[in-house]
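Structure below is coords-v9.txt: compact mmCIF, C-alpha atoms.
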# COMPACT_ATOMS: atom_id res chain seq x y z
CA MET S 26 -14.50 -22.71 25.45
CA LEU S 27 -16.35 -19.55 26.39
CA GLU S 28 -15.69 -20.30 30.05
CA SER S 29 -11.90 -20.12 29.57
CA TYR S 30 -12.26 -16.73 27.87
CA LEU S 31 -14.42 -15.43 30.71
CA VAL S 32 -11.96 -16.69 33.32
CA ARG S 33 -9.03 -14.97 31.59
CA GLY S 34 -11.05 -11.79 31.28
CA LEU S 35 -11.98 -11.96 34.96
CA LYS S 36 -8.37 -12.44 36.04
CA ALA S 37 -7.15 -9.62 33.82
CA GLY S 38 -9.95 -7.41 35.13
CA LEU S 39 -9.00 -8.18 38.72
CA VAL S 40 -5.39 -7.10 38.17
CA ALA S 41 -6.44 -3.91 36.38
CA GLY S 42 -9.21 -3.21 38.90
CA VAL S 43 -6.92 -3.49 41.92
CA ALA S 44 -4.41 -1.16 40.24
CA LEU S 45 -7.19 1.30 39.45
CA GLY S 46 -8.44 1.15 43.03
CA ILE S 47 -4.98 2.02 44.31
CA PHE S 48 -4.70 4.80 41.74
CA VAL S 49 -8.04 6.22 42.85
CA ALA S 50 -7.05 6.13 46.52
CA VAL S 51 -3.61 7.68 46.00
CA LEU S 52 -4.24 10.27 43.29
CA ALA S 53 -7.83 10.60 42.09
CA ASN S 54 -9.56 11.01 45.46
CA PRO S 55 -7.14 13.72 46.72
CA MET S 56 -7.53 15.62 43.45
CA ILE S 57 -11.33 15.44 43.66
CA ALA S 58 -11.14 16.68 47.26
CA ALA S 59 -8.90 19.53 46.14
CA ALA S 60 -11.36 20.44 43.38
CA GLU S 61 -14.24 20.45 45.84
CA GLY S 62 -12.20 22.59 48.21
CA LEU S 63 -11.40 25.13 45.50
CA ALA S 64 -15.03 25.25 44.42
CA GLY S 65 -16.10 25.64 48.05
CA ASP S 66 -13.66 28.46 48.63
CA HIS S 67 -15.06 30.27 45.64
CA GLY S 68 -18.58 30.10 47.04
CA GLY S 69 -17.60 30.46 50.67
CA HIS S 70 -17.72 34.26 50.65
CA HIS S 71 -21.34 34.26 49.45
CA ALA S 72 -22.32 31.58 51.95
CA GLY S 73 -20.64 33.47 54.79
CA GLU S 74 -22.65 36.61 54.14
CA GLY S 75 -25.82 34.78 55.15
CA GLY S 76 -24.58 34.34 58.71
CA HIS S 77 -25.90 30.75 59.04
CA ASP S 78 -23.90 28.23 61.03
CA HIS S 79 -23.89 24.72 59.55
CA GLY S 80 -20.75 23.60 61.34
CA GLY S 81 -22.31 20.66 63.20
CA HIS S 82 -23.91 19.19 60.10
CA GLU S 83 -20.78 19.68 58.00
CA SER S 84 -18.63 18.07 60.69
CA ALA S 85 -20.80 14.96 60.87
CA SER S 86 -21.08 14.58 57.10
CA GLY S 87 -17.35 15.21 56.75
CA VAL S 88 -16.46 12.31 59.06
CA LEU S 89 -18.73 9.98 57.10
CA GLY S 90 -17.25 11.22 53.82
CA VAL S 91 -13.66 10.66 54.95
CA VAL S 92 -14.44 7.05 55.87
CA SER S 93 -16.92 5.98 53.19
CA ALA S 94 -16.07 7.93 50.04
CA PRO S 95 -12.52 6.53 49.55
CA LEU S 96 -13.69 2.97 50.22
CA ILE S 97 -16.60 3.30 47.82
CA SER S 98 -14.46 4.83 45.09
CA VAL S 99 -11.72 2.20 45.49
CA ALA S 100 -14.30 -0.59 45.38
CA GLY S 101 -15.80 1.08 42.33
CA GLY S 102 -12.40 1.02 40.65
CA VAL S 103 -12.02 -2.70 41.29
CA PHE S 104 -15.52 -3.36 39.98
CA TRP S 105 -14.87 -1.25 36.89
CA GLY S 106 -11.75 -3.26 36.09
CA LEU S 107 -13.62 -6.55 36.54
CA LEU S 108 -16.47 -5.36 34.33
CA LEU S 109 -14.14 -4.26 31.53
CA GLY S 110 -12.18 -7.49 31.75
CA VAL S 111 -15.23 -9.76 31.55
CA VAL S 112 -17.07 -7.80 28.86
CA THR S 113 -14.09 -6.92 26.64
CA PHE S 114 -11.69 -9.84 27.05
CA GLY S 115 -14.32 -12.41 27.96
CA LEU S 116 -17.42 -11.98 25.83
CA ALA S 117 -16.31 -9.58 23.09
CA PHE S 118 -12.91 -11.20 22.56
CA TYR S 119 -14.52 -14.64 22.28
CA PHE S 120 -16.73 -13.55 19.39
CA LEU S 121 -14.42 -11.04 17.68
CA GLU S 122 -11.03 -12.76 17.99
CA PRO S 123 -11.11 -14.19 14.42
CA ALA S 124 -11.60 -10.66 13.04
CA ILE S 125 -8.84 -9.01 15.12
CA PRO S 126 -5.60 -8.53 13.13
CA GLY S 127 -2.42 -10.04 14.49
CA SER S 128 -1.97 -12.73 17.10
CA GLY S 129 -1.02 -13.13 20.74
CA ALA S 130 -0.11 -9.90 22.48
CA VAL S 131 -0.97 -7.86 19.36
CA GLU S 132 -4.56 -9.13 19.50
CA SER S 133 -4.82 -8.21 23.17
CA ALA S 134 -3.40 -4.74 22.51
CA ILE S 135 -5.80 -4.08 19.62
CA ALA S 136 -8.76 -5.26 21.69
CA ALA S 137 -7.71 -2.95 24.53
CA ALA S 138 -7.28 0.00 22.16
CA GLY S 139 -10.75 -0.64 20.75
CA GLY S 140 -12.18 -0.83 24.24
CA PHE S 141 -10.54 2.44 25.25
CA VAL S 142 -11.88 4.22 22.17
CA THR S 143 -15.37 2.81 22.69
CA VAL S 144 -15.75 3.39 26.42
CA SER S 145 -13.75 6.58 26.91
CA GLY S 146 -12.03 8.05 23.87
CA ALA S 147 -15.03 8.58 21.61
CA PRO S 148 -17.33 10.05 24.30
CA TRP S 149 -14.55 12.34 25.53
CA LEU S 150 -14.47 13.99 22.11
CA VAL S 151 -17.73 15.75 23.01
CA LEU S 152 -17.86 15.33 26.79
CA PRO S 153 -14.34 15.65 28.24
CA PRO S 154 -13.85 14.77 31.92
CA GLN S 155 -14.89 17.60 34.22
CA PRO S 156 -13.83 18.20 37.85
CA PRO S 157 -16.45 18.74 40.58
CA GLY S 158 -18.11 22.14 40.71
CA VAL S 159 -18.31 22.61 36.94
CA GLU S 160 -21.67 23.73 35.57
CA GLN S 161 -22.43 22.19 32.17
CA ALA S 162 -24.84 23.57 29.61
CA LEU S 163 -26.48 20.27 28.66
CA SER S 164 -28.79 18.49 31.09
CA THR S 165 -27.80 15.20 32.70
CA ASP S 166 -30.19 13.23 30.49
CA ALA S 167 -28.83 14.90 27.37
CA ARG S 168 -25.24 14.15 28.41
CA LEU S 169 -26.06 10.51 29.14
CA GLY S 170 -27.70 10.11 25.75
CA LEU S 171 -24.80 11.82 24.02
CA TYR S 172 -22.28 9.67 25.88
CA ALA S 173 -24.11 6.45 24.94
CA GLY S 174 -24.37 7.57 21.33
CA MET S 175 -20.66 8.30 21.12
CA MET S 176 -19.87 4.92 22.68
CA LEU S 177 -21.89 3.28 19.91
CA ALA S 178 -20.14 5.45 17.32
CA GLY S 179 -16.75 4.52 18.78
CA LEU S 180 -17.56 0.81 18.68
CA THR S 181 -18.77 1.13 15.08
CA ALA S 182 -15.58 2.95 14.10
CA CYS S 183 -13.44 0.22 15.65
CA LEU S 184 -15.36 -2.57 13.88
CA LEU S 185 -15.23 -0.76 10.54
CA ALA S 186 -11.51 -0.11 10.99
CA GLY S 187 -10.87 -3.80 11.60
CA TYR S 188 -12.97 -4.76 8.59
CA ALA S 189 -11.21 -2.25 6.34
CA TYR S 190 -7.77 -3.41 7.46
CA THR S 191 -8.64 -7.06 6.81
CA ARG S 192 -10.06 -6.32 3.37
CA LEU S 193 -7.10 -4.16 2.28
CA ARG S 194 -4.30 -6.15 3.89
CA ASP S 195 -3.50 -8.03 0.66
CA ARG S 196 -2.96 -4.70 -1.13
CA GLY S 197 -0.21 -3.60 1.21
CA ARG S 198 0.21 -2.56 4.80
CA GLY S 199 0.12 1.16 3.98
CA ARG S 200 -3.25 0.95 2.23
CA ALA S 201 -4.64 -1.24 4.97
CA LEU S 202 -3.63 1.26 7.68
CA ALA S 203 -4.99 4.16 5.65
CA GLY S 204 -8.31 2.38 5.20
CA ALA S 205 -8.47 1.58 8.91
CA ALA S 206 -7.88 5.25 9.76
CA VAL S 207 -10.88 6.48 7.78
CA PRO S 208 -13.57 5.42 10.33
CA PHE S 209 -11.68 7.21 13.10
CA CYS S 210 -11.45 10.38 11.03
CA LEU S 211 -15.21 10.20 10.51
CA LEU S 212 -15.62 9.72 14.26
CA VAL S 213 -13.71 12.93 14.96
CA GLY S 214 -15.77 14.72 12.33
CA LEU S 215 -18.97 13.52 14.00
CA ALA S 216 -17.87 15.13 17.27
CA PHE S 217 -17.70 18.53 15.55
CA VAL S 218 -21.34 18.42 14.36
CA LEU S 219 -22.88 17.24 17.64
CA PRO S 220 -24.31 19.74 20.16
CA ALA S 221 -21.66 21.56 22.17
CA ASN S 222 -21.57 21.39 25.95
CA PRO S 223 -19.91 24.59 27.19
CA ALA S 224 -18.96 24.48 30.86
CA THR S 225 -18.75 27.23 33.45
CA GLN S 226 -16.20 26.81 36.20
CA SER S 227 -14.11 28.94 38.53
CA LEU S 228 -11.20 26.52 38.88
CA PRO S 229 -7.79 27.43 37.47
CA ALA S 230 -7.25 26.23 33.91
CA ALA S 231 -4.07 24.41 34.94
CA PHE S 232 -5.99 22.44 37.59
CA VAL S 233 -8.70 21.46 35.10
CA ALA S 234 -6.03 20.28 32.66
CA ALA S 235 -4.30 18.27 35.41
CA PHE S 236 -7.61 16.71 36.46
CA ARG S 237 -8.38 15.62 32.92
CA ALA S 238 -4.85 14.29 32.49
CA GLN S 239 -5.12 12.08 35.56
CA VAL S 240 -8.49 10.73 34.37
CA VAL S 241 -7.06 9.90 30.95
CA PHE S 242 -3.97 8.35 32.53
CA GLY S 243 -6.08 6.22 34.87
CA GLN S 244 -8.19 4.78 32.07
CA ALA S 245 -5.17 4.26 29.80
CA MET S 246 -3.46 2.43 32.67
CA VAL S 247 -6.47 0.15 33.11
CA TRP S 248 -6.59 -0.83 29.44
CA THR S 249 -2.82 -1.33 29.30
CA LEU S 250 -2.90 -3.65 32.30
CA LEU S 251 -5.89 -5.49 30.86
CA ALA S 252 -4.06 -6.09 27.58
CA ALA S 253 -0.76 -7.07 29.22
CA THR S 254 -2.37 -9.45 31.73
CA HIS S 255 -4.64 -11.00 29.11
CA ALA S 256 -1.71 -11.54 26.74
CA TRP S 257 0.31 -13.16 29.53
CA LEU S 258 -2.56 -15.43 30.54
CA SER S 259 -3.24 -16.39 26.92
CA ALA S 260 0.43 -17.19 26.31
CA ASP S 261 0.56 -19.26 29.49
CA THR S 262 -2.54 -21.18 28.40
CA ASP S 263 -1.10 -21.79 24.93
CA GLU S 264 2.17 -23.05 26.41
CA THR S 265 0.30 -25.40 28.73
CA THR S 266 -1.78 -26.75 25.86
CA THR S 267 1.30 -27.21 23.68
CA ALA S 268 3.20 -28.92 26.47
CA GLY S 269 0.28 -31.26 27.03
CA SER S 270 0.14 -32.13 23.35
CA VAL S 271 3.89 -32.73 23.10
CA GLY S 272 4.02 -34.67 26.33
CA SER S 273 1.22 -37.05 25.41
CA VAL S 274 2.31 -40.55 24.50
CA PRO S 275 0.86 -41.72 21.19
CA SER S 276 -0.51 -45.20 20.94
CA ASP S 277 1.89 -47.86 19.62
CA PRO S 278 1.03 -48.38 15.96
CA ARG S 279 2.69 -51.78 15.89
CA PRO S 280 0.37 -54.80 15.86
CA SER S 281 0.18 -56.83 18.99
CA SER S 282 2.24 -59.99 19.13
CA ASP S 283 -0.63 -61.88 20.64

Write out the structure in this file as structure tokens.
Amino acid sequence: MLESYLVRGLKAGLVAGVALGIFVAVLANPMIAAAEGLAGDHGGHHAGEGGHDHGGHESASGVLGVVSAPLISVAGGVFWGLLLGVVTFGLAFYFLEPAIPGSGAVESAIAAAGGFVTVSGAPWLVLPPQPPGVEQALSTDARLGLYAGMMLAGLTACLLAGYAYTRLRDRGRGRALAGAAVPFCLLVGLAFVLPANPATQSLPAAFVAAFRAQVVFGQAMVWTLLAATHAWLSADTDETTTAGSVGSVPSDPRPSSD
């Protein structure tokens, strides 16, 4: 039983991962390169005053970067999609499916929404995506710890929301939705009391906003494709199982004439 869940999660992750890899190659990598170029231009005047010539080294590293960086980032996108598919729609969905409201495509959509909140949405409340060249106040270790803590808080909020909805569903849909919204309100409130991470950057505000938008869009696209593919695979499996049950020939209940 678990194996079928893992296989569906792996297939859904492959579809989402390939799409993310293409997205990274077409949009994300050029935007990162543009951010690095803008940051480099800002510091180029100070570097030029030193009179040092690093052209040969920069040329060699640039050739390697052009070839390897896109391939690594695209492969990373594919791997990320596979990881999310296996963990979320393989393992987690197997154990949590009875507690997820709805059925079919609704279950897949709710699982994807919970995954997005856990992995990205909750941490972004305190650590929004930043383009290259941005100096952040908190150290790397502090940011990693904060990110992990917000992931745990996001997962807890999703589980509590599902529990509240299930408990209040008999009292009306409105009350159930209101109860499910409470954990997410507390999650937002938590973000306000955690340490701030002010950033210093010289990039235009419009570029930073566009960079963050493409990151959010990329992750939302991944979770949407995961949910849609998983729902399609689950429906296909259910139809196959139903067809097999209907098509089976029951044994003849009549006694033998022998």

### Message
So the first atom is atom CA of S:Thr262 and the second is atom CA of S:Trp248; what is the distance between them in Å, to one decimal place?
### Response
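Atom CA of S:Thr262 sits 20.8 Å away from atom CA of S:Trp248.
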
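Using all atoms listed in the file, the protein and nucleic acid residues lying no more than 9 Å from stretch 237-244 of chain S, apart from those fewer than 4 places from it along its own chain, are S:Leu45, S:Phe48, S:Val49, S:Leu52, S:Ala53, S:Met56, S:Phe141, S:Ser145, S:Gly146, S:Pro153, S:Pro154, S:Gln155, S:Pro156, S:Phe232, S:Val233, S:Trp248, S:Thr249.
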
#### Entry: Pick from S:Ala235, S:Ala201, S:Leu152, S:Ala117, whichever lies nearest to S:Leu180 using all atoms listed in the file
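Nearest to S:Leu180: S:Ala117.
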
### Task
Can you work out the spacing between atom CA of S:Met176 and atom CA of S:Leu212 in Å, to one decimal?
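Atom-to-atom, atom CA of S:Met176 and atom CA of S:Leu212 are spaced 10.6 Å apart.
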
### Message
With distances taken over only C-alpha atoms, which residue among S:Ser98, S:Gly115, S:Ile47, S:Arg196 lies nearest S:Leu35?
### Response
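Closest candidate: S:Gly115.
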
### Task
Just give me the gap between atom CA of S:Arg168 and atom CA of S:Ala216 in Å, one decimal is fine.
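If I compute the distance from atom CA of S:Arg168 to atom CA of S:Ala216, I get 13.4 Å.
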